[in-house]
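One file, work_7.cif, is given below (mmCIF, C-alpha atoms).
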data_model
#
loop_
_atom_site.label_atom_id
_atom_site.label_comp_id
_atom_site.auth_asym_id
_atom_site.auth_seq_id
_atom_site.Cartn_x
_atom_site.Cartn_y
_atom_site.Cartn_z
CA MET L 1 -39.28 39.27 39.90
CA GLN L 2 -39.88 42.67 38.37
CA LYS L 3 -37.36 44.70 36.46
CA ARG L 4 -36.07 47.71 38.34
CA GLU L 5 -35.95 50.72 36.09
CA GLY L 6 -32.85 52.87 35.78
CA ARG L 7 -30.38 50.14 36.70
CA PRO L 8 -26.80 51.47 36.58
CA GLU L 9 -24.32 50.31 33.98
CA LEU L 10 -21.45 48.34 35.44
CA SER L 11 -17.89 49.51 34.86
CA LYS L 12 -15.48 46.89 33.55
CA GLU L 13 -13.85 46.66 36.99
CA ILE L 14 -17.18 46.07 38.74
CA HIS L 15 -18.36 43.76 35.96
CA ASP L 16 -15.30 41.52 36.17
CA LEU L 17 -15.35 41.34 39.97
CA THR L 18 -19.07 40.60 39.96
CA LEU L 19 -18.52 37.64 37.63
CA ARG L 20 -15.92 36.29 40.07
CA ILE L 21 -18.35 36.76 42.95
CA TYR L 22 -20.98 34.61 41.22
CA ASP L 23 -18.36 32.02 40.26
CA ALA L 24 -17.88 31.51 44.01
CA VAL L 25 -21.39 30.02 44.20
CA ALA L 26 -19.97 26.92 42.49
CA ASP L 27 -16.38 27.24 43.73
CA GLN L 28 -16.11 28.15 47.39
CA ARG L 29 -12.30 28.43 47.15
CA LEU L 30 -12.68 31.83 45.47
CA TRP L 31 -14.12 33.69 48.44
CA SER L 32 -10.85 34.67 50.10
CA SER L 33 -9.32 36.13 46.93
CA ILE L 34 -12.57 37.96 46.17
CA LEU L 35 -12.52 39.63 49.58
CA ASP L 36 -8.82 40.41 49.07
CA GLN L 37 -9.72 42.27 45.89
CA ILE L 38 -12.53 44.17 47.61
CA VAL L 39 -10.25 45.05 50.53
CA GLU L 40 -7.52 46.39 48.26
CA ARG L 41 -9.90 48.47 46.16
CA ALA L 42 -11.67 49.89 49.24
CA GLY L 43 -8.41 50.82 50.95
CA ALA L 44 -9.14 48.49 53.85
CA GLN L 45 -6.97 46.11 55.87
CA GLY L 46 -9.23 43.06 56.02
CA SER L 47 -12.77 41.79 55.59
CA ILE L 48 -14.84 39.09 57.29
CA ILE L 49 -18.25 37.55 56.67
CA PHE L 50 -19.61 36.60 60.10
CA GLU L 51 -22.29 33.95 60.53
CA TRP L 52 -24.14 32.56 63.55
CA VAL L 53 -24.59 28.79 63.65
CA THR L 54 -26.25 26.48 66.14
CA GLU L 55 -24.00 23.87 67.76
CA ASN L 56 -25.32 21.59 70.50
CA GLY L 57 -28.27 23.90 70.99
CA GLU L 58 -26.07 26.99 71.45
CA MET L 59 -25.57 29.90 69.07
CA LYS L 60 -21.94 30.27 68.01
CA LEU L 61 -20.35 33.10 66.02
CA THR L 62 -18.19 31.93 63.11
CA ALA L 63 -16.17 33.55 60.34
CA PRO L 64 -16.39 31.06 57.44
CA ILE L 65 -15.39 33.62 54.79
CA HIS L 66 -12.55 36.08 55.27
CA SER L 67 -9.82 37.88 53.39
CA GLY L 68 -6.24 36.63 53.37
CA PHE L 69 -5.11 39.11 56.02
CA TYR L 70 -6.55 36.71 58.62
CA SER L 71 -5.84 33.06 59.24
CA ALA L 72 -8.69 30.73 60.20
CA ALA L 73 -6.84 29.78 63.40
CA ALA L 74 -6.35 33.41 64.44
CA LEU L 75 -10.03 34.17 63.85
CA ASP L 76 -11.09 31.12 65.87
CA THR L 77 -8.90 32.30 68.75
CA TYR L 78 -10.28 35.84 68.53
CA LEU L 79 -13.91 34.66 68.50
CA ALA L 80 -13.31 32.26 71.38
CA LYS L 81 -12.13 35.18 73.53
CA CYS L 82 -14.33 37.98 72.19
CA GLN L 83 -17.56 36.41 70.95
CA HIS L 84 -19.65 38.19 73.59
CA LEU L 85 -18.19 41.56 72.59
CA GLU L 86 -18.67 40.91 68.87
CA ALA L 87 -22.21 39.72 69.63
CA HIS L 88 -22.95 43.02 71.38
CA ASP L 89 -21.57 45.01 68.42
CA GLN L 90 -23.54 42.98 65.91
CA ASP L 91 -26.74 43.32 67.92
CA THR L 92 -26.24 47.08 67.76
CA ILE L 93 -25.72 46.95 64.00
CA ARG L 94 -28.87 44.84 63.54
CA ARG L 95 -30.95 47.21 65.68
CA GLN L 96 -29.73 50.25 63.73
CA THR L 97 -30.31 48.64 60.33
CA SER L 98 -33.40 49.86 58.50
CA ASP L 99 -35.98 47.48 57.03
CA HIS L 100 -35.59 48.39 53.35
CA ASP L 101 -33.81 46.01 50.98
CA GLU L 102 -30.64 48.06 50.48
CA ILE L 103 -27.46 47.04 52.30
CA GLU L 104 -26.20 49.71 54.68
CA LEU L 105 -22.63 49.91 55.92
CA LEU L 106 -22.73 51.27 59.47
CA ASP L 107 -19.66 52.74 61.16
CA ASP L 108 -18.19 51.76 64.51
CA SER L 109 -19.15 55.22 65.78
CA LEU L 110 -22.44 53.54 66.76
CA LEU L 111 -20.61 51.26 69.18
CA ALA L 112 -19.31 53.81 71.70
CA ASP L 113 -19.93 57.34 72.87
CA SER L 114 -16.52 58.53 71.69
CA THR L 115 -13.40 57.42 69.85
CA GLU L 116 -11.51 57.13 73.12
CA ALA L 117 -14.26 55.00 74.66
CA LEU L 118 -14.17 52.75 71.62
CA LYS L 119 -10.41 52.27 71.97
CA GLN L 120 -10.85 51.10 75.56
CA GLN L 121 -12.96 48.09 74.57
CA GLU L 122 -11.17 44.76 74.97
CA HIS L 123 -11.71 43.44 71.46
CA VAL L 124 -10.83 46.79 69.90
CA GLN L 125 -7.52 46.74 71.80
CA ARG L 126 -6.83 43.32 70.32
CA LEU L 127 -7.51 44.72 66.86
CA LEU L 128 -5.27 47.71 67.54
CA ARG L 129 -2.39 45.30 68.20
CA LEU L 130 -2.96 44.05 64.64
CA GLY L 131 -2.87 47.61 63.30
CA ILE L 132 -6.68 47.79 62.90
CA PHE L 133 -9.05 50.33 64.37
CA HIS L 134 -12.09 51.61 62.48
CA ARG L 135 -14.65 49.09 61.24
CA ALA L 136 -17.87 49.15 59.22
CA ALA L 137 -20.46 46.42 58.91
CA GLY L 138 -23.69 45.64 57.07
CA VAL L 139 -26.39 42.99 57.38
CA MET L 140 -26.33 40.89 54.21
CA ASN L 141 -29.66 39.12 54.67
CA LYS L 142 -32.52 41.05 56.24
CA ASP L 143 -34.77 37.99 56.30
CA ASN L 144 -32.43 36.30 58.76
CA PRO L 145 -29.99 38.93 60.09
CA TRP L 146 -27.94 36.23 61.85
CA ILE L 147 -27.01 34.51 58.57
CA SER L 148 -24.29 36.82 57.32
CA LEU L 149 -22.84 40.16 58.31
CA PHE L 150 -20.23 41.80 56.09
CA SER L 151 -17.49 43.55 58.02
CA VAL L 152 -14.56 45.56 56.75
CA GLN L 153 -11.63 46.56 58.97
CA LEU L 154 -9.41 49.59 58.36
CA ASN L 155 -5.78 50.31 59.17
CA ALA L 156 -5.37 52.16 62.46
CA ALA L 157 -3.51 54.96 60.70
CA ARG L 158 -6.43 55.98 58.52
CA ALA L 159 -9.86 57.57 58.91
CA PRO L 160 -13.24 55.82 58.44
CA LEU L 161 -14.51 54.92 54.98
CA THR L 162 -14.78 57.79 52.51
CA ASP L 163 -17.86 58.48 50.37
CA LYS L 164 -15.97 57.19 47.33
CA GLU L 165 -15.09 53.93 49.07
CA ARG L 166 -18.68 53.52 50.25
CA HIS L 167 -19.94 54.03 46.71
CA TYR L 168 -17.62 51.32 45.44
CA LEU L 169 -18.79 48.89 48.14
CA SER L 170 -22.44 49.75 47.50
CA GLN L 171 -22.04 48.43 43.94
CA ILE L 172 -20.47 45.16 45.08
CA LEU L 173 -22.38 44.24 48.23
CA PRO L 174 -25.77 43.38 46.61
CA HIS L 175 -24.04 40.82 44.37
CA LEU L 176 -22.01 39.55 47.32
CA ALA L 177 -25.24 39.13 49.31
CA LYS L 178 -26.94 37.15 46.53
CA ALA L 179 -23.93 34.93 45.90
CA ILE L 180 -23.46 34.18 49.61
CA ASP L 181 -27.14 33.34 49.92
CA LEU L 182 -27.09 30.98 46.91
CA SER L 183 -23.86 29.39 48.07
CA ILE L 184 -25.28 28.15 51.39
CA PRO L 185 -26.33 24.75 49.97
CA MET L 186 -23.05 24.52 48.05
CA ARG L 187 -21.01 25.19 51.20
CA GLN L 188 -22.87 22.42 53.00
CA LEU L 189 -22.02 20.19 50.04
CA GLN L 190 -18.35 21.16 50.01
CA LYS L 191 -17.95 20.10 53.64
CA ARG L 192 -18.56 16.52 52.43
CA TYR L 193 -17.28 16.54 48.86
CA GLN L 194 -14.30 18.17 47.20
CA GLY L 195 -16.06 18.87 43.89
CA VAL L 196 -19.32 20.78 44.25
CA LEU L 197 -20.83 20.41 40.77
CA SER L 198 -19.80 16.76 40.56
CA ALA L 199 -21.73 16.01 43.77
CA ILE L 200 -24.94 17.97 43.12
CA ASP L 201 -27.06 14.81 43.32
CA ARG L 202 -26.53 15.04 47.09
CA LEU L 203 -28.57 18.26 47.23
CA ASN L 204 -32.29 18.32 47.92
CA ILE L 205 -32.71 21.42 45.75
CA GLY L 206 -32.69 21.23 41.96
CA VAL L 207 -29.49 22.38 40.26
CA CYS L 208 -29.12 22.78 36.50
CA VAL L 209 -26.00 24.08 34.73
CA LEU L 210 -26.52 25.86 31.43
CA ASP L 211 -23.92 26.96 28.89
CA ALA L 212 -23.80 30.43 27.33
CA ARG L 213 -26.49 29.45 24.79
CA GLY L 214 -28.85 28.17 27.48
CA LEU L 215 -28.24 24.50 26.66
CA ILE L 216 -28.48 22.04 29.53
CA VAL L 217 -24.98 20.83 30.41
CA ALA L 218 -25.69 19.09 33.72
CA ARG L 219 -28.59 18.67 36.13
CA ASN L 220 -29.05 16.76 39.33
CA GLN L 221 -31.66 14.16 40.16
CA GLU L 222 -33.85 16.63 42.06
CA PHE L 223 -33.99 18.97 39.07
CA GLN L 224 -34.97 16.06 36.81
CA ARG L 225 -37.70 15.10 39.28
CA GLN L 226 -39.04 18.65 39.25
CA GLN L 227 -39.11 18.63 35.44
CA GLU L 228 -41.12 15.42 35.47
CA THR L 229 -43.45 16.49 38.31
CA TYR L 230 -44.29 20.09 37.41
CA ARG L 231 -45.08 21.97 34.24
CA THR L 232 -42.62 24.75 34.98
CA TYR L 233 -39.71 23.59 32.79
CA ARG L 234 -39.25 22.19 29.34
CA ALA L 235 -36.34 21.68 26.98
CA ASP L 236 -36.97 23.07 23.49
CA PRO L 237 -35.98 21.10 20.36
CA ASN L 238 -32.49 22.64 20.51
CA GLY L 239 -31.93 21.46 24.09
CA LYS L 240 -32.34 24.89 25.71
CA LEU L 241 -34.01 25.09 29.10
CA ARG L 242 -37.17 27.18 29.03
CA ILE L 243 -39.79 28.21 31.57
CA THR L 244 -43.26 27.51 30.23
CA ASP L 245 -44.88 30.57 31.80
CA ARG L 246 -44.35 33.67 29.64
CA ALA L 247 -43.65 36.06 32.52
CA GLY L 248 -41.29 33.54 34.10
CA GLN L 249 -39.45 33.07 30.83
CA GLU L 250 -39.09 36.83 30.38
CA CYS L 251 -37.49 37.12 33.83
CA PHE L 252 -35.28 34.15 33.01
CA GLU L 253 -34.07 35.76 29.78
CA ARG L 254 -33.37 39.07 31.51
CA LEU L 255 -31.23 37.38 34.14
CA LYS L 256 -29.28 35.58 31.44
CA SER L 257 -28.90 38.64 29.24
CA ASP L 258 -27.30 41.25 31.48
CA LEU L 259 -25.28 41.05 34.69
CA SER L 260 -26.79 44.30 35.94
CA TYR L 261 -30.16 42.58 36.40
CA HIS L 262 -28.64 40.57 39.25
CA GLY L 263 -28.31 41.79 42.83
CA GLN L 264 -31.28 44.16 42.53
CA PHE L 265 -32.77 43.32 45.92
CA GLY L 266 -29.74 43.86 48.13
CA ALA L 267 -30.16 42.19 51.50
CA ARG L 268 -33.25 40.21 50.42
CA PRO L 269 -31.93 38.26 47.43
CA ARG L 270 -34.78 35.71 47.56
CA LYS L 271 -37.03 38.44 46.10
CA GLU L 272 -35.08 38.08 42.87
CA GLY L 273 -36.34 34.49 42.55
CA ILE L 274 -38.63 33.61 39.64
CA PHE L 275 -42.05 32.38 40.73
CA SER L 276 -43.68 30.95 37.63
CA HIS L 277 -47.07 29.20 37.57
CA MET L 278 -49.17 30.11 40.59
CA LEU L 279 -50.01 26.43 41.09
CA ASP L 280 -46.39 25.30 40.99
CA PRO L 281 -44.36 25.58 44.20
CA LEU L 282 -40.96 26.14 42.58
CA CYS L 283 -38.69 29.07 43.38
CA ILE L 284 -36.15 29.51 40.57
CA GLU L 285 -32.90 31.43 41.07
CA VAL L 286 -30.23 32.14 38.50
CA SER L 287 -26.53 32.78 39.04
CA PRO L 288 -23.99 33.55 36.30
CA LEU L 289 -21.13 31.07 35.96
CA HIS L 290 -18.25 32.67 34.10
CA GLN L 291 -15.43 30.29 34.94
CA ALA L 292 -15.50 26.85 36.57
CA ASP L 293 -12.65 24.36 36.79
CA GLU L 294 -15.14 21.50 37.04
CA MET L 295 -16.62 22.40 33.65
CA GLY L 296 -13.23 21.93 31.97
CA ASN L 297 -13.29 25.35 30.29
CA LYS L 298 -11.28 28.44 31.11
CA PHE L 299 -14.27 30.67 30.30
CA PHE L 300 -17.65 28.97 30.51
CA ASP L 301 -20.00 32.00 30.49
CA GLY L 302 -23.02 29.96 31.47
CA PHE L 303 -25.45 29.87 34.38
CA VAL L 304 -26.40 27.86 37.45
CA VAL L 305 -30.14 27.48 37.97
CA CYS L 306 -31.15 26.62 41.55
CA SER L 307 -34.74 25.41 41.81
CA THR L 308 -36.38 24.84 45.19
CA ASP L 309 -39.52 22.74 45.58
CA THR L 310 -41.23 24.48 48.49
CA CYS L 311 -43.71 21.60 48.89
CA LEU L 312 -41.00 19.35 50.29
CA PRO L 313 -40.81 19.18 54.10
CA ILE L 314 -38.04 21.24 55.69
CA ALA L 315 -36.69 21.47 59.21
CA CYS L 316 -35.65 24.93 60.35
CA ASP L 317 -35.29 27.06 63.46
CA THR L 318 -38.84 28.36 64.00
CA GLY L 319 -37.74 30.13 67.18
CA ARG L 320 -35.40 32.34 65.17
CA ILE L 321 -38.17 32.98 62.64
CA GLN L 322 -40.48 34.06 65.46
CA GLU L 323 -37.79 36.40 66.81
CA ALA L 324 -36.94 37.83 63.39
CA PHE L 325 -40.50 38.75 62.43
CA GLY L 326 -42.27 39.18 65.76
CA LEU L 327 -44.71 36.30 65.20
CA THR L 328 -47.22 35.23 67.79
CA SER L 329 -46.99 31.74 69.26
CA THR L 330 -49.97 30.65 67.13
CA GLU L 331 -48.33 32.01 63.98
CA THR L 332 -45.05 30.31 64.89
CA SER L 333 -46.76 26.94 65.26
CA LEU L 334 -48.34 27.52 61.84
CA VAL L 335 -44.86 28.14 60.40
CA GLY L 336 -43.86 24.64 61.50
CA GLU L 337 -46.81 23.09 59.65
CA ILE L 338 -46.10 25.16 56.55
CA GLY L 339 -42.54 23.85 56.69
CA GLN L 340 -43.86 20.31 56.71
CA GLY L 341 -45.54 20.96 53.38
CA TYR L 342 -49.17 21.09 54.55
CA THR L 343 -51.59 23.23 52.58
CA ASN L 344 -53.87 25.71 54.34
CA PRO L 345 -56.91 23.38 54.07
CA GLU L 346 -54.83 20.52 55.51
CA ILE L 347 -53.63 22.74 58.38
CA ALA L 348 -57.23 23.82 59.06
CA ASP L 349 -58.31 20.18 59.21
CA ARG L 350 -55.44 19.24 61.53
CA ARG L 351 -56.24 22.13 63.86
CA GLY L 352 -60.01 21.96 63.75
CA ARG L 353 -60.15 25.52 62.45
CA SER L 354 -61.81 27.04 59.43
CA VAL L 355 -59.81 27.51 56.24
CA ALA L 356 -60.63 31.22 56.43
CA THR L 357 -58.96 31.45 59.85
CA VAL L 358 -55.80 29.69 58.64
CA ASN L 359 -55.78 31.85 55.49
CA ALA L 360 -55.92 34.98 57.66
CA GLN L 361 -53.10 33.73 59.89
CA THR L 362 -50.98 32.88 56.85
CA LYS L 363 -51.63 36.33 55.38
CA ALA L 364 -50.43 37.90 58.65
CA ILE L 365 -47.23 35.82 58.53
CA LEU L 366 -46.56 36.86 54.93
CA SER L 367 -47.11 40.52 55.80
CA LYS L 368 -44.76 40.42 58.79
CA SER L 369 -42.03 38.61 56.82
CA ASN L 370 -42.29 40.86 53.75
CA CYS L 371 -43.06 37.88 51.49
CA ALA L 372 -45.28 38.13 48.42
CA ASN L 373 -46.64 34.59 48.63
CA ARG L 374 -46.36 31.32 50.50
CA THR L 375 -43.77 29.90 48.09
CA GLN L 376 -41.49 32.87 48.73
CA PHE L 377 -41.99 32.48 52.47
CA VAL L 378 -40.97 28.80 52.42
CA ARG L 379 -37.89 29.69 50.36
CA MET L 380 -37.03 32.28 53.02
CA MET L 381 -37.58 29.73 55.83
CA MET L 382 -34.76 27.61 54.42
CA ARG L 383 -32.26 30.25 55.49
CA PHE L 384 -33.04 29.51 59.14
CA GLY L 385 -30.92 26.42 59.68
CA ALA L 386 -32.29 24.01 57.06
CA SER L 387 -30.03 21.25 55.72
CA PHE L 388 -29.70 20.94 51.96
CA LEU L 389 -28.03 17.53 51.84
CA THR L 390 -29.69 14.17 51.35
CA GLY L 391 -28.57 10.58 51.75
CA PRO L 392 -26.31 8.92 54.30
CA ASN L 393 -23.76 11.76 54.38
CA ILE L 394 -26.23 14.44 55.41
CA SER L 395 -24.57 17.38 57.19
CA LYS L 396 -25.39 17.78 60.86
#
Spell out the structure here as structure tokens.
Amino acid sequence: MQKREGRPELSKEIHDLTLRIYDAVADQRLWSSILDQIVERAGAQGSIIFEWVTENGEMKLTAPIHSGFYSAAALDTYLAKCQHLEAHDQDTIRRQTSDHDEIELLDDSLLADSTEALKQQEHVQRLLRLGIFHRAAGVMNKDNPWISLFSVQLNAARAPLTDKERHYLSQILPHLAKAIDLSIPMRQLQKRYQGVLSAIDRLNIGVCVLDARGLIVARNQEFQRQQETYRTYRADPNGKLRITDRAGQECFERLKSDLSYHGQFGARPRKEGIFSHMLDPLCIEVSPLHQADEMGNKFFDGFVVCSTDTCLPIACDTGRIQEAFGLTSTETSLVGEIGQGYTNPEIADRRGRSVATVNAQTKAILSKSNCANRTQFVRMMMRFGASFLTGPNISK
């Protein structure tokens, strides 16, 4: 990760809300109140994070995170009746979204030729009965645009978002995107266990909790295995976690030193990961942890380090990866072998091809997926339906 020059200073309001957003990585119960705060400040009526999931081989639209204006039951009913209409709207938003990292909020003016035509749509009429009309939405992960789409709904009596409201949201959404991305394994964990941090040994990614001084407070078995297997981490004589590579340690210290260094890559938060030694396959991501009930302190002011070993086999939806990046069938089959942890020479041997040919195909995949290296690509693959739970209670 490289430092972006000219990063803006955060106001106290944005700073405090951003800390709460990152706290939600470890405590999923915070999401509703966080969206409530965003809704109130932006002058909106409600907000929803939409996600597509695969159930019984079919894609299903869900709303796992939403503000308090909506009940889960009401949203389930709405999506059961209007999924095809929401799917059409979201397809339009995805097509109109540019490829750069920034998160764009696009208005519902894209969804119909006129305001009157928009009001005639079935799902819009349902929203009007709730006192909602104008909407705006933005893709929160441009690697996999089906993962999460932020949507804000406005009272029917008011106009679309103002420039001032958009500016406020533009400061919050990059942090929201990063926190939602990092919370995916934690949400899988919470479906099985009430306490997230107390059950981190069930995750197949490394998790290490640090206090404000950088001292190791807790770590799961996978993180300990990574410490023993690779040269990336060490604990200094004072018990502080350090990254042995100088550049990696500098990035690590920056992310711990200033909240404004987080959320710098908008809708591609995996680009903020620390990739240390070139020979080590670890992707290291850091999230602030200001307050956590499970830590027993009102204000903890520490960090959660999520460390992914990209050499471990993963199962993901290669069809969606092919669709997202326009891969050829040959490249898509190569993605599957990369996901199984095979190196390029091993893939060449399995396929009866030269290493140079496989290297060229891998380079094409990296270029199409906007990934700097193979480790970053495997980290990105995990956002296409991979499970992060191990053991007998694995999530299906």
_as a VMD selection string, please: the residues near Leu259 of chain L (cut-off 10 Å, only C-alpha atoms, same-chain neighbours under 6 positions excluded)._
chain L and resid 9 to 10 15 18 to 19 175 287 to 288
Could you make a table, as JSON lines, of the residues of segment 56-150 of chain L that have an atom within 8 Å of an atom of segment 319-333 of chain L, each with its nearest atom pair and distance in Å to one decimal, counting all atoms listed in the file, in chain and number order?
{"residue": "L:Asp143", "atom": "CA", "partner": "L:Ala324", "partner_atom": "CA", "distance": 7.4}
{"residue": "L:Asn144", "atom": "CA", "partner": "L:Ala324", "partner_atom": "CA", "distance": 6.6}
{"residue": "L:Pro145", "atom": "CA", "partner": "L:Ala324", "partner_atom": "CA", "distance": 7.8}
Using C-alpha atoms, can you write the selected residues to a file as a PDB file, keeping the file's coordinate frame?
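Result saved to selection.pdb:
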ATOM      1  CA  ASP L 143     -34.770  37.990  56.300  1.00  0.00           C
ATOM      2  CA  ASN L 144     -32.430  36.300  58.760  1.00  0.00           C
ATOM      3  CA  PRO L 145     -29.990  38.930  60.090  1.00  0.00           C
TER       4      PRO L 145
END
*Identify all residues satisfying the PyMOL selection byres ((chain L and resi 289) around 12) in the given file; provide them as a ChimeraX atom specification.*
/L:16,18-27,179,197,208-212,214,256,259,286-288,290-295,297-305
With 9 Å as the cut-off and only C-alpha atoms counted, what is the closest atom pair between each nearby residue of segment 213-293 of chain L and segment 361-378 of chain L? Distances in Å to one decimal, ordered by chain and number, as CSV.
residue,atom,partner,partner_atom,distance
L:Arg270,CA,L:Gln376,CA,7.4
L:Lys271,CA,L:Gln376,CA,7.6
L:Gly273,CA,L:Gln376,CA,8.2
L:Phe275,CA,L:Thr375,CA,8.0
L:Asp280,CA,L:Thr375,CA,8.9
L:Pro281,CA,L:Thr375,CA,5.8
L:Leu282,CA,L:Thr375,CA,7.2
L:Cys283,CA,L:Thr375,CA,7.0
Run the PyMOL selection byres ((chain L and resi 112-128) around 9) on the file and write out the hits as a PDB file with C-alpha atoms, in the frame of the given file.
ATOM      1  CA  TYR L  78     -10.280  35.840  68.530  1.00  0.00           C
ATOM      2  CA  LYS L  81     -12.130  35.180  73.530  1.00  0.00           C
ATOM      3  CA  CYS L  82     -14.330  37.980  72.190  1.00  0.00           C
ATOM      4  CA  LEU L  85     -18.190  41.560  72.590  1.00  0.00           C
ATOM      5  CA  GLU L  86     -18.670  40.910  68.870  1.00  0.00           C
ATOM      6  CA  ASP L 108     -18.190  51.760  64.510  1.00  0.00           C
ATOM      7  CA  SER L 109     -19.150  55.220  65.780  1.00  0.00           C
ATOM      8  CA  LEU L 110     -22.440  53.540  66.760  1.00  0.00           C
ATOM      9  CA  LEU L 111     -20.610  51.260  69.180  1.00  0.00           C
ATOM     10  CA  ARG L 129      -2.390  45.300  68.200  1.00  0.00           C
ATOM     11  CA  LEU L 130      -2.960  44.050  64.640  1.00  0.00           C
ATOM     12  CA  GLY L 131      -2.870  47.610  63.300  1.00  0.00           C
ATOM     13  CA  ILE L 132      -6.680  47.790  62.900  1.00  0.00           C
ATOM     14  CA  PHE L 133      -9.050  50.330  64.370  1.00  0.00           C
ATOM     15  CA  HIS L 134     -12.090  51.610  62.480  1.00  0.00           C
ATOM     16  CA  ASN L 155      -5.780  50.310  59.170  1.00  0.00           C
ATOM     17  CA  ALA L 156      -5.370  52.160  62.460  1.00  0.00           C
TER      18      ALA L 156
END
*Quick one: which residues end up in the PyMOL selection byres ((chain L and resi 268) around 10) for this structure, as an MDAnalysis selection string?*
chainID L and resid 100:103 140:144 174 177:178 181 263:267 269:272 370 380
Expected file: the selected residues, C-alpha atoms, as an mmCIF file, in the frame of the given file:
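This is the output file selection-v1.cif:
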data_model
loop_
_atom_site.group_PDB
_atom_site.id
_atom_site.type_symbol
_atom_site.label_atom_id
_atom_site.label_comp_id
_atom_site.auth_asym_id
_atom_site.auth_seq_id
_atom_site.Cartn_x
_atom_site.Cartn_y
_atom_site.Cartn_z
ATOM 1 C CA HIS L 100 -35.590 48.390 53.350
ATOM 2 C CA ASP L 101 -33.810 46.010 50.980
ATOM 3 C CA GLU L 102 -30.640 48.060 50.480
ATOM 4 C CA ILE L 103 -27.460 47.040 52.300
ATOM 5 C CA MET L 140 -26.330 40.890 54.210
ATOM 6 C CA ASN L 141 -29.660 39.120 54.670
ATOM 7 C CA LYS L 142 -32.520 41.050 56.240
ATOM 8 C CA ASP L 143 -34.770 37.990 56.300
ATOM 9 C CA ASN L 144 -32.430 36.300 58.760
ATOM 10 C CA PRO L 174 -25.770 43.380 46.610
ATOM 11 C CA ALA L 177 -25.240 39.130 49.310
ATOM 12 C CA LYS L 178 -26.940 37.150 46.530
ATOM 13 C CA ASP L 181 -27.140 33.340 49.920
ATOM 14 C CA GLY L 263 -28.310 41.790 42.830
ATOM 15 C CA GLN L 264 -31.280 44.160 42.530
ATOM 16 C CA PHE L 265 -32.770 43.320 45.920
ATOM 17 C CA GLY L 266 -29.740 43.860 48.130
ATOM 18 C CA ALA L 267 -30.160 42.190 51.500
ATOM 19 C CA PRO L 269 -31.930 38.260 47.430
ATOM 20 C CA ARG L 270 -34.780 35.710 47.560
ATOM 21 C CA LYS L 271 -37.030 38.440 46.100
ATOM 22 C CA GLU L 272 -35.080 38.080 42.870
ATOM 23 C CA ASN L 370 -42.290 40.860 53.750
ATOM 24 C CA MET L 380 -37.030 32.280 53.020
#
*Using only C-alpha atoms, which of L:Ser67, L:Gln90, L:Thr54, L:Arg246 sits nearest Glu40 of chain L?*
L:Ser67
*Kindly indicate which residue among L:Val217, L:Leu255, L:Met381, L:Leu149 lies nearest to Thr308 of chain L, using all atoms listed in the file for the distances.*
L:Met381
*Length of the atom CA of Ala63 of chain L to atom CA of Leu75 of chain L vector [Å]*: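 According to the coordinates, atom CA of Ala63 of chain L and atom CA of Leu75 of chain L are separated by 7.1 Å.
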*asked:* My list of candidates is L:Thr162, L:Thr62, L:Thr229, L:Ser354. Which is closest to Ser148 of chain L when distances are computed with all atoms listed in the file?
replied: L:Thr62
*atom CA of Gln171 of chain L and atom CA of Arg29 of chain L are how many Å apart?*
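Separation between atom CA of Gln171 of chain L and atom CA of Arg29 of chain L: 22.5 Å.
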*Take atom CA of Pro64 of chain L and atom CA of Ile284 of chain L and report the distance between them in Å, one decimal.*
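Computing it gives 26.0 Å between the two atoms.
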*Closest to Lys60 of chain L among L:His262, L:Arg41, L:His84, L:Arg219, using all atoms listed in the file?*
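Among L:His262, L:Arg41, L:His84, L:Arg219, it is L:His84 that comes nearest to Lys60 of chain L.
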